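J.: Data file model_17.csv (CSV, C-alpha atoms) is appended below.
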```csv
chain,number,residue,atom,x,y,z
A,1,MET,CA,40.5,-26.0,-58.8
A,2,ARG,CA,41.1,-29.2,-56.7
A,3,VAL,CA,43.3,-31.9,-58.2
A,4,ALA,CA,43.9,-35.4,-57.0
A,5,CYS,CA,47.0,-37.3,-58.3
A,6,ILE,CA,46.9,-41.0,-57.5
A,7,SER,CA,49.6,-43.6,-57.6
A,8,CYS,CA,49.5,-46.9,-55.6
A,9,PHE,CA,53.2,-47.4,-56.2
A,10,ASN,CA,55.3,-44.3,-55.5
A,11,SER,CA,56.2,-43.0,-58.9
A,12,TYR,CA,56.5,-39.3,-57.9
A,13,HIS,CA,60.1,-38.7,-59.0
A,14,ASN,CA,59.8,-40.9,-62.1
A,15,HIS,CA,56.6,-39.5,-63.4
A,16,ILE,CA,54.1,-37.8,-61.1
A,17,TYR,CA,56.2,-34.6,-60.5
A,18,LYS,CA,55.4,-33.5,-64.1
A,19,PHE,CA,51.7,-33.4,-63.3
A,20,THR,CA,51.9,-31.9,-59.8
A,21,GLY,CA,54.3,-29.3,-61.1
A,22,TYR,CA,51.9,-28.4,-64.0
A,23,PHE,CA,48.9,-28.1,-61.7
A,24,LYS,CA,50.8,-26.1,-59.0
A,25,ARG,CA,51.9,-23.6,-61.7
A,26,LYS,CA,48.2,-23.0,-62.4
A,27,ASN,CA,47.7,-22.4,-58.6
A,28,TYR,CA,45.4,-25.4,-58.2
A,29,THR,CA,45.1,-27.2,-54.9
A,30,VAL,CA,46.9,-30.6,-55.4
A,31,LYS,CA,46.8,-33.7,-53.3
A,32,TYR,CA,49.0,-36.7,-54.0
A,33,ILE,CA,47.4,-40.0,-52.8
A,34,ILE,CA,49.8,-42.8,-52.2
A,35,GLN,CA,49.9,-46.0,-50.1
A,36,ASP,CA,52.1,-46.4,-47.0
A,37,PHE,CA,53.7,-49.7,-48.1
A,38,SER,CA,56.7,-49.8,-50.4
A,39,HIS,CA,56.2,-52.3,-53.2
A,40,ALA,CA,59.9,-52.4,-53.9
A,41,ASP,CA,61.2,-52.6,-50.3
A,42,LYS,CA,58.2,-54.6,-48.9
A,43,LYS,CA,58.1,-52.5,-45.8
A,44,TYR,CA,56.0,-49.6,-44.4
A,45,ILE,CA,56.9,-46.0,-45.2
A,46,PHE,CA,56.6,-43.6,-42.3
A,47,ASP,CA,57.0,-40.4,-44.2
A,48,TYR,CA,57.4,-38.9,-47.7
A,49,ASP,CA,59.8,-36.1,-46.8
A,50,ASP,CA,61.2,-35.9,-50.3
A,51,ILE,CA,57.9,-34.7,-51.6
A,52,THR,CA,57.5,-31.1,-50.6
A,53,ASP,CA,55.5,-29.3,-53.3
A,54,VAL,CA,52.1,-30.9,-52.7
A,55,GLY,CA,50.0,-32.3,-49.9
A,56,VAL,CA,50.6,-36.0,-49.4
A,57,VAL,CA,47.7,-38.3,-48.4
A,58,LYS,CA,49.1,-41.6,-47.1
A,59,ILE,CA,46.7,-44.5,-47.1
A,60,HIS,CA,47.4,-47.5,-44.8
A,61,VAL,CA,47.2,-50.8,-46.6
A,62,PRO,CA,47.8,-54.5,-45.6
A,63,ALA,CA,51.4,-55.6,-46.2
A,64,TYR,CA,52.3,-58.3,-48.7
A,65,TYR,CA,55.7,-60.0,-49.4
A,66,ASN,CA,55.0,-61.9,-52.6
A,67,ASN,CA,54.2,-60.1,-55.8
A,68,LEU,CA,52.1,-63.0,-57.1
A,69,SER,CA,49.9,-63.5,-54.1
A,70,PRO,CA,46.3,-63.0,-52.9
A,71,LYS,CA,47.6,-60.7,-50.1
A,72,ARG,CA,48.9,-58.3,-52.7
A,73,LEU,CA,45.6,-58.2,-54.5
A,74,TYR,CA,43.8,-57.6,-51.3
A,75,SER,CA,46.2,-54.8,-50.4
A,76,HIS,CA,45.5,-53.1,-53.7
A,77,TYR,CA,41.7,-53.6,-53.2
A,78,VAL,CA,41.9,-51.9,-49.8
A,79,PHE,CA,43.9,-49.0,-51.4
A,80,ALA,CA,41.4,-48.5,-54.2
A,81,ARG,CA,38.4,-48.5,-51.9
A,82,LYS,CA,40.0,-46.0,-49.5
A,83,VAL,CA,41.0,-43.8,-52.5
A,84,TYR,CA,37.3,-43.6,-53.4
A,85,LYS,CA,36.4,-42.4,-49.9
A,86,ILE,CA,39.1,-39.8,-50.0
A,87,LEU,CA,37.9,-38.5,-53.4
A,88,CYS,CA,34.4,-38.2,-52.0
A,89,GLU,CA,35.8,-36.1,-49.1
A,90,PHE,CA,38.2,-34.0,-51.2
A,91,ASN,CA,35.8,-33.6,-54.1
A,92,PRO,CA,38.4,-32.9,-56.8
A,93,GLU,CA,37.5,-31.4,-60.2
A,94,ILE,CA,40.5,-33.1,-61.9
A,95,ILE,CA,41.8,-36.6,-61.2
A,96,TYR,CA,45.1,-38.0,-62.5
A,97,CYS,CA,45.4,-41.7,-61.8
A,98,MET,CA,48.3,-44.1,-62.6
A,99,PHE,CA,47.4,-47.7,-62.8
A,100,PRO,CA,47.7,-50.7,-62.2
A,101,PRO,CA,46.2,-51.8,-60.0
A,102,ASN,CA,43.1,-52.2,-62.2
A,103,MET,CA,40.8,-51.7,-59.2
A,104,LEU,CA,41.8,-48.1,-59.1
A,105,VAL,CA,40.3,-47.6,-62.6
A,106,HIS,CA,37.0,-49.0,-61.3
A,107,GLU,CA,36.9,-46.8,-58.2
A,108,VAL,CA,37.9,-43.6,-60.0
A,109,ALA,CA,35.4,-44.2,-62.8
A,110,LYS,CA,32.7,-44.8,-60.2
A,111,TYR,CA,33.5,-41.4,-58.6
A,112,LYS,CA,33.3,-39.6,-61.9
A,113,ARG,CA,29.9,-41.1,-62.8
A,114,LYS,CA,28.5,-40.1,-59.4
A,115,PHE,CA,30.1,-36.7,-58.9
A,116,GLY,CA,31.7,-35.6,-62.1
A,117,ALA,CA,35.3,-34.7,-62.7
A,118,LYS,CA,37.9,-34.6,-65.5
A,119,VAL,CA,39.7,-37.9,-65.4
A,120,ILE,CA,43.2,-38.7,-66.7
A,121,PHE,CA,44.1,-42.4,-66.6
A,122,ASP,CA,47.8,-43.2,-67.1
A,123,TYR,CA,48.1,-46.8,-68.4
A,124,TRP,CA,51.5,-47.6,-66.8
A,125,ASP,CA,51.5,-51.4,-67.2
A,126,SER,CA,49.2,-54.2,-68.6
A,127,TRP,CA,48.0,-56.7,-66.1
A,128,PRO,CA,47.0,-59.5,-66.4
A,129,GLU,CA,48.6,-59.4,-69.9
A,130,SER,CA,52.0,-59.2,-68.3
A,131,PHE,CA,51.3,-62.2,-66.2
A,132,PRO,CA,54.5,-64.3,-66.5
A,133,PHE,CA,52.9,-67.8,-66.6
A,134,LYS,CA,50.6,-68.2,-69.6
A,135,LYS,CA,50.3,-72.0,-70.1
A,136,GLY,CA,49.7,-75.2,-68.2
A,137,LYS,CA,47.1,-76.3,-65.6
A,138,ARG,CA,48.0,-73.5,-63.2
A,139,TYR,CA,47.2,-70.8,-65.8
A,140,ALA,CA,44.0,-72.6,-66.8
A,141,LEU,CA,42.7,-72.6,-63.2
A,142,ILE,CA,43.2,-68.9,-62.7
A,143,LYS,CA,42.2,-67.7,-66.2
A,144,PRO,CA,38.6,-66.8,-65.3
A,145,PHE,CA,39.9,-64.7,-62.5
A,146,LEU,CA,42.4,-63.0,-64.8
A,147,ASN,CA,39.5,-62.1,-67.2
A,148,MET,CA,37.6,-60.5,-64.3
A,149,TRP,CA,40.8,-58.6,-63.4
A,150,ARG,CA,41.1,-57.3,-67.0
A,151,ASN,CA,37.5,-56.3,-67.0
A,152,LEU,CA,37.9,-54.1,-64.0
A,153,ARG,CA,40.1,-51.9,-66.2
A,154,ASP,CA,38.5,-52.3,-69.7
A,155,LYS,CA,34.9,-51.7,-68.6
A,156,ASN,CA,35.8,-48.5,-66.9
A,157,LEU,CA,38.6,-46.9,-69.0
A,158,GLY,CA,36.0,-45.5,-71.4
A,159,ASP,CA,35.0,-43.0,-68.7
A,160,ALA,CA,38.4,-41.2,-69.1
A,161,ASP,CA,38.7,-37.8,-70.6
A,162,LEU,CA,42.3,-38.6,-71.5
A,163,ILE,CA,44.2,-41.9,-71.5
A,164,LEU,CA,48.0,-41.8,-71.4
A,165,THR,CA,50.3,-44.7,-72.4
A,166,PRO,CA,54.1,-45.0,-72.4
A,167,SER,CA,54.5,-46.3,-76.0
A,168,ASN,CA,53.1,-46.0,-79.5
A,169,ILE,CA,52.2,-49.7,-79.4
A,170,GLY,CA,50.1,-49.0,-76.3
A,171,LEU,CA,48.5,-46.1,-78.1
A,172,LYS,CA,47.6,-48.2,-81.1
A,173,ASN,CA,45.9,-50.7,-78.8
A,174,LEU,CA,44.0,-48.0,-76.9
A,175,ARG,CA,42.7,-46.4,-80.1
A,176,GLU,CA,41.4,-49.8,-81.2
A,177,LYS,CA,39.7,-50.5,-77.9
A,178,PHE,CA,38.5,-47.0,-77.1
A,179,PRO,CA,38.2,-45.1,-80.4
A,180,GLY,CA,36.0,-42.4,-78.8
A,181,ASN,CA,38.5,-41.5,-76.1
A,182,LEU,CA,41.3,-39.0,-76.4
A,183,SER,CA,44.6,-40.9,-76.0
A,184,GLN,CA,48.2,-39.8,-76.1
A,185,VAL,CA,51.8,-41.2,-75.6
A,186,LEU,CA,53.6,-40.0,-72.5
A,187,ARG,CA,56.9,-41.8,-72.0
A,188,PRO,CA,58.2,-42.4,-68.5
A,189,ALA,CA,61.1,-40.1,-67.8
A,190,ARG,CA,62.9,-38.7,-64.9
A,191,LYS,CA,64.5,-35.2,-65.0
A,192,SER,CA,67.7,-35.2,-67.1
A,193,LEU,CA,70.9,-35.3,-65.2
A,194,GLU,CA,73.1,-32.2,-65.2
A,195,ALA,CA,76.5,-32.8,-67.0
A,196,GLU,CA,78.4,-32.7,-63.7
A,197,SER,CA,76.1,-35.3,-62.2
A,198,LEU,CA,76.5,-37.9,-64.9
A,199,PRO,CA,78.5,-41.0,-64.0
A,200,LYS,CA,82.1,-40.8,-65.1
A,201,TYR,CA,82.8,-43.9,-67.0
A,202,ASP,CA,86.1,-45.6,-67.6
A,203,PHE,CA,85.7,-48.0,-70.6
A,204,SER,CA,89.4,-48.7,-70.9
A,205,LYS,CA,89.2,-52.1,-69.3
A,206,ILE,CA,86.9,-53.6,-71.9
A,207,ALA,CA,89.7,-55.7,-73.5
A,208,SER,CA,90.1,-57.6,-70.2
A,209,GLU,CA,86.9,-57.4,-68.2
A,210,ILE,CA,83.2,-56.4,-68.7
A,211,SER,CA,81.0,-55.1,-65.9
A,212,PHE,CA,77.2,-55.2,-66.1
A,213,CYS,CA,74.6,-53.5,-64.0
A,214,TYR,CA,71.1,-54.9,-63.2
A,215,LEU,CA,68.9,-52.2,-61.8
A,216,GLY,CA,65.6,-53.1,-60.2
A,217,ASN,CA,63.9,-56.1,-58.6
A,218,VAL,CA,64.9,-59.6,-59.8
A,219,ASN,CA,61.5,-61.2,-59.9
A,220,PHE,CA,59.1,-63.5,-61.9
A,221,ILE,CA,59.3,-61.3,-65.1
A,222,THR,CA,63.1,-61.3,-65.2
A,223,ASP,CA,64.5,-63.6,-67.9
A,224,LEU,CA,66.8,-65.6,-65.7
A,225,GLU,CA,67.5,-68.2,-68.5
A,226,PHE,CA,68.8,-65.5,-70.8
A,227,ALA,CA,71.1,-64.2,-68.0
A,228,LYS,CA,72.4,-67.7,-67.3
A,229,LYS,CA,73.2,-68.4,-71.0
A,230,LEU,CA,74.9,-65.0,-71.4
A,231,PHE,CA,77.1,-65.5,-68.3
A,232,ALA,CA,77.7,-69.2,-68.7
A,233,ARG,CA,81.2,-70.4,-68.0
A,234,GLU,CA,81.4,-72.1,-71.4
A,235,GLY,CA,79.9,-69.1,-73.1
A,236,LYS,CA,81.8,-66.7,-75.4
A,237,LEU,CA,81.9,-63.9,-72.9
A,238,SER,CA,83.3,-65.9,-70.0
A,239,GLN,CA,85.8,-67.6,-72.3
A,240,ASN,CA,87.2,-64.2,-73.4
A,241,ARG,CA,86.7,-61.7,-70.5
A,242,LYS,CA,86.4,-61.6,-66.7
A,243,LEU,CA,82.7,-60.8,-65.9
A,244,LYS,CA,81.3,-58.7,-63.1
A,245,LEU,CA,77.6,-57.9,-62.3
A,246,HIS,CA,76.5,-55.1,-60.0
A,247,ILE,CA,72.9,-55.5,-58.8
A,248,ILE,CA,71.0,-52.5,-57.5
A,249,GLY,CA,67.8,-54.0,-56.1
A,250,GLU,CA,66.3,-57.0,-54.4
A,251,GLY,CA,63.5,-59.4,-55.4
A,252,VAL,CA,62.3,-63.0,-54.9
A,253,ASN,CA,64.6,-64.4,-57.6
A,254,LEU,CA,67.7,-62.4,-56.5
A,255,GLU,CA,69.4,-65.3,-54.7
A,256,ASN,CA,68.6,-67.7,-57.6
A,257,LEU,CA,70.3,-65.3,-60.0
A,258,VAL,CA,73.3,-64.7,-57.7
A,259,THR,CA,73.9,-68.4,-57.0
A,260,SER,CA,73.6,-69.4,-60.6
A,261,LEU,CA,76.0,-66.8,-61.9
A,262,GLU,CA,78.5,-67.2,-59.1
A,263,SER,CA,78.7,-70.9,-60.0
A,264,GLU,CA,79.7,-69.7,-63.5
A,265,GLY,CA,82.6,-67.6,-62.1
A,266,VAL,CA,80.9,-64.2,-62.4
A,267,GLU,CA,81.9,-61.7,-59.6
A,268,ILE,CA,78.7,-60.4,-58.1
A,269,PHE,CA,78.2,-57.1,-56.1
A,270,LYS,CA,74.9,-56.8,-54.3
A,271,HIS,CA,74.1,-53.2,-53.4
A,272,GLY,CA,70.5,-53.5,-52.3
A,273,ILE,CA,67.8,-50.9,-53.2
A,274,ILE,CA,69.2,-47.5,-53.7
A,275,TYR,CA,67.2,-44.3,-54.5
A,276,ASP,CA,69.9,-41.6,-54.2
A,277,ASP,CA,71.1,-40.6,-57.7
A,278,GLY,CA,74.7,-39.9,-56.4
A,279,THR,CA,75.1,-43.3,-54.8
A,280,LYS,CA,73.5,-45.1,-57.8
A,281,ASN,CA,75.7,-43.2,-60.3
A,282,ARG,CA,78.9,-44.1,-58.5
A,283,ILE,CA,77.9,-47.8,-59.0
A,284,LEU,CA,76.9,-47.3,-62.6
A,285,SER,CA,80.2,-45.6,-63.3
A,286,GLN,CA,82.0,-48.9,-62.7
A,287,CYS,CA,79.9,-50.6,-65.4
A,288,ASN,CA,80.0,-51.0,-69.2
A,289,PHE,CA,76.4,-52.0,-69.8
A,290,GLY,CA,72.9,-51.9,-68.1
A,291,LEU,CA,70.8,-55.0,-68.3
A,292,SER,CA,67.0,-54.8,-69.0
A,293,ILE,CA,66.0,-58.4,-69.5
A,294,PRO,CA,62.3,-59.0,-69.0
A,295,ARG,CA,60.8,-62.2,-70.4
A,296,GLN,CA,59.6,-61.5,-73.9
A,297,SER,CA,56.3,-63.1,-73.1
A,298,ILE,CA,55.2,-60.2,-70.9
A,299,GLY,CA,55.4,-57.7,-73.7
A,300,ALA,CA,57.4,-55.0,-71.8
A,301,ASP,CA,57.8,-52.4,-74.6
A,302,MET,CA,59.0,-49.5,-72.5
A,303,PRO,CA,60.7,-50.7,-69.2
A,304,LEU,CA,61.6,-48.0,-66.8
A,305,LYS,CA,65.0,-49.5,-66.0
A,306,ALA,CA,65.9,-49.2,-69.6
A,307,ILE,CA,65.2,-45.5,-69.6
A,308,ASP,CA,67.2,-45.1,-66.3
A,309,TYR,CA,70.3,-46.5,-68.0
A,310,VAL,CA,69.9,-44.2,-71.0
A,311,ARG,CA,69.4,-41.2,-68.7
A,312,ALA,CA,72.7,-42.1,-67.0
A,313,GLY,CA,74.6,-42.6,-70.2
A,314,LEU,CA,75.1,-46.3,-69.7
A,315,PRO,CA,74.8,-48.4,-72.9
A,316,LEU,CA,71.8,-50.7,-72.7
A,317,ILE,CA,71.3,-54.4,-73.3
A,318,SER,CA,67.6,-55.1,-73.8
A,319,THR,CA,65.5,-58.2,-74.5
A,320,SER,CA,62.3,-56.3,-75.0
A,321,LEU,CA,60.6,-56.6,-78.4
A,322,GLY,CA,58.5,-53.4,-78.2
A,323,GLU,CA,59.1,-49.8,-78.8
A,324,ILE,CA,62.3,-49.6,-76.8
A,325,HIS,CA,63.7,-52.1,-79.3
A,326,ASP,CA,63.0,-49.7,-82.1
A,327,LEU,CA,64.5,-46.7,-80.2
A,328,ILE,CA,67.7,-48.7,-79.4
A,329,ALA,CA,68.1,-49.5,-83.1
A,330,LYS,CA,67.4,-45.9,-84.2
A,331,TYR,CA,69.5,-44.0,-81.6
A,332,LYS,CA,72.2,-46.6,-81.0
A,333,PHE,CA,71.6,-46.7,-77.2
A,334,GLY,CA,73.2,-50.2,-77.0
A,335,PHE,CA,72.1,-53.7,-78.1
A,336,ASN,CA,68.8,-55.5,-78.7
A,337,ALA,CA,69.5,-58.9,-77.4
A,338,HIS,CA,67.6,-62.0,-78.5
A,339,ASP,CA,70.4,-64.5,-78.8
A,340,PRO,CA,73.1,-64.6,-76.1
A,341,ASP,CA,75.8,-65.9,-78.4
A,342,GLU,CA,75.2,-63.2,-81.0
A,343,LEU,CA,75.2,-60.6,-78.3
A,344,ALA,CA,78.5,-61.9,-76.9
A,345,GLU,CA,80.1,-61.6,-80.4
A,346,ASN,CA,78.9,-58.0,-80.7
A,347,ILE,CA,80.2,-57.1,-77.3
A,348,LEU,CA,83.6,-58.7,-77.8
A,349,GLN,CA,84.2,-56.6,-80.9
A,350,LEU,CA,83.8,-53.4,-79.0
A,351,THR,CA,86.6,-51.0,-78.2
A,352,SER,CA,86.6,-48.4,-75.5
A,353,SER,CA,85.9,-45.8,-78.2
A,354,ASP,CA,82.9,-47.7,-79.3
A,355,LEU,CA,81.5,-47.8,-75.8
A,356,GLU,CA,82.1,-44.0,-75.4
A,357,ARG,CA,80.1,-43.4,-78.6
A,358,LEU,CA,77.2,-45.5,-77.3
A,359,SER,CA,77.3,-43.6,-74.0
A,360,GLU,CA,77.3,-40.3,-75.8
A,361,ASN,CA,74.3,-41.5,-77.9
A,362,CYS,CA,72.4,-42.1,-74.7
A,363,VAL,CA,73.2,-38.7,-73.1
A,364,ASN,CA,72.7,-36.7,-76.3
A,365,ASN,CA,69.3,-38.2,-77.1
A,366,TYR,CA,67.7,-38.9,-73.7
A,367,GLU,CA,65.8,-35.6,-73.5
A,368,ARG,CA,64.8,-35.6,-77.2
A,369,VAL,CA,63.4,-39.1,-77.0
A,370,PHE,CA,61.9,-39.4,-73.5
A,371,VAL,CA,61.3,-36.0,-71.9
A,372,GLN,CA,57.9,-34.4,-72.9
A,373,ASP,CA,56.0,-31.3,-71.8
A,374,VAL,CA,52.8,-32.6,-70.1
A,375,GLY,CA,51.4,-29.1,-70.4
A,376,GLU,CA,50.9,-29.5,-74.1
A,377,ILE,CA,49.0,-32.7,-73.4
A,378,LEU,CA,46.9,-31.6,-70.5
A,379,GLU,CA,45.8,-28.3,-72.1
A,380,LYS,CA,43.7,-30.4,-74.4
A,381,ILE,CA,41.3,-31.2,-71.5
A,382,VAL,CA,41.9,-28.8,-68.5
```
Since I need it in another form, could you write the structure as structure tokens?
T.:
Amino acid sequence: MRVACISCFNSYHNHIYKFTGYFKRKNYTVKYIIQDFSHADKKYIFDYDDITDVGVVKIHVPAYYNNLSPKRLYSHYVFARKVYKILCEFNPEIIYCMFPPNMLVHEVAKYKRKFGAKVIFDYWDSWPESFPFKKGKRYALIKPFLNMWRNLRDKNLGDADLILTPSNIGLKNLREKFPGNLSQVLRPARKSLEAESLPKYDFSKIASEISFCYLGNVNFITDLEFAKKLFAREGKLSQNRKLKLHIIGEGVNLENLVTSLESEGVEIFKHGIIYDDGTKNRILSQCNFGLSIPRQSIGADMPLKAIDYVRAGLPLISTSLGEIHDLIAKYKFGFNAHDPDELAENILQLTSSDLERLSENCVNNYERVFVQDVGEILEKIV
């Protein structure tokens, strides 16, 4: 059996490894198709030496430097069209495809209709539903284009043999739109950390200072206003504690965030983009909370950064309203934050023992809540 696993954005260690591992155990021939441009770093990737168990097919695409730009859309268009050509040459019998970009759904469905294959679509994110600007003249002008963008996905998803989604909310929406298709929840999850690899936290300074971590790009979907209110000089946290923020990432709004918070007296540590778990965990070990603060309007109900914090045992502060909100409430991973003043009051009441219990809740429940066996899902169709 020949299998093609496709991801425009390299999600191998976050997600794809589960699928390549399953197919390799069945002795299938597996190719992983990926672009040669890093969405996070905004630079070309010359190798994928950390991916060793499958053949990597690297597609050259045009560069882009702004996430909300025609150049990015054109780059994704080029990737999707080249994926179709590679599929025609490789002739896989099974295709696993993460999306967005929505153009991939169109091209993979076109291949299936012409040549036949078992197709698994992994509905990783909703665009244009997650578009950050949803009102005003600017939005009205591009709305027809956004509808066309949505249709690239919705008019072709029905060709799937299986559709995966990261949350129960997504599953409900899929079953309403595509009642005849098999659909299933598969949450994003990296491999659990061994006990000796977990960050070693010291929560004893909570009475005098509080350190936060922001992991990932600071971009258009980041709720900067929430951050500014939470860290404001006249706010409850700043009035009672020294505040620090470690940022592991980059992004178009990074300097906006840094400048705003430094003017409020927050001590900022910019670490850049880091992929190595050991280096990242040494930074996390200096923190008390991980921030996952997307704008509520984008409907991010299972942000990957939120799961990364839980995996590392770092108590989570989340502004999401979706399923991660319910999981935080049920398993006590941290705090659901919708009002900065209320959140500040909750944080100021915490002792070091309270933080240790929140951290233990993360570690003890990560695998139970997020890590699933893809074999049980895939055996339904392959």
J.: Between A:Ala300, A:Ile169, A:Ile347, A:Leu186, single out the one closest to Ser238 in chain A, counting all atoms listed in the file.
T.: A:Ile347
J.: Using only C-alpha atoms for the distances, tell me which of A:Tyr214, A:Tyr17, A:Phe220, A:Phe145 is nearest to Ala306 in chain A.
T.: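 Using only C-alpha atoms, Ala306 in chain A sits closest to A:Tyr214.
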J.: Looking at A:Leu141, A:Ile221, A:Ala109, A:Val382, which one is nearest to Glu93 in chain A, with distances taken over all atoms listed in the file?
T.: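 Selected residue with least distance to Glu93 in chain A: A:Val382.
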J.: Ranking A:Arg311, A:Asn217, A:Gly299, A:Leu224 by minimum distance to Lys270 in chain A and counting only C-alpha atoms, which one comes first?
T.: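 Distance minimum relative to Lys270 in chain A lands on A:Asn217.
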J.: Quick one: residues within 12 Å of Arg282 in chain A, only C-alpha atoms, excluding same-chain residues fewer than 3 positions away - as a list in words?
T.: Ser197, Leu198, Pro199, Lys200, Tyr201, Asp202, Cys213, His246, Ile248, His271, Ile274, Asp276, Asp277, Gly278, Thr279, Ser285, Gln286, Cys287 and Ala312 of chain A
J.: Could you tell me how far CA of Cys362 in chain A sits from CA of Ile163 in chain A, in Å to one decimal place?
T.: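 Calculated distance between CA of Ile163 in chain A and CA of Cys362 in chain A is 28.4 Å.
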J.: Pick from A:His60, A:Lys280, A:Lys244, A:Arg150: nearest to Val78 in chain A, with all atoms listed in the file counted?
T.: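 Nearest candidate to Val78 in chain A out of A:His60, A:Lys280, A:Lys244, A:Arg150: A:His60.
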J.: Please, which residues are within 9 Å of (38.2, -41.9, -75.5) by the file's coordinates, counting all atoms listed in the file, and could they come as a count of residues only?
T.: 15
J.: Please report, as JSON, the centre and edge lengths in Å to one decimal of an axis-aligned box covering all listed atoms of range 261-279 of chain A with 8 Å per side.
T.:
```
{"center_x": 74.9, "center_y": -55.4, "center_z": -57.9, "size_x": 31.4, "size_y": 47.0, "size_z": 27.2}
```
J.: With all atoms listed in the file as the atoms that count, which of A:Asn281, A:Lys114, A:Ile59, A:Leu257 lies nearest to Lys228 in chain A?
T.: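 Looking only at the distances to Lys228 in chain A, the closest residue turns out to be A:Leu257.
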J.: Compile the contact shell of Cys5 in chain A as a list in words: residues with an atom at most 7 Å away, counting all atoms listed in the file, same-chain residues fewer than 2 positions apart removed.
T.: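 Returned residues: Val3, Ser7, Lys31, Tyr32, Ile33, Ile95, Tyr96 and Cys97 of chain A.
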J.: Could you name the residues that touch Val369 in chain A at 10 Å or less, counting only C-alpha atoms, but leaving out those on the same chain fewer than 6 positions away, as a ChimeraX atom specification?
T.: /A:187,189,307,327,331,362
J.: Quick one: residues within 7 Å of Ala344 in chain A, all atoms listed in the file, excluding same-chain residues fewer than 3 positions away - as a VMD selection string?
T.: chain A and resid 236 to 237 340 to 341 347 to 348
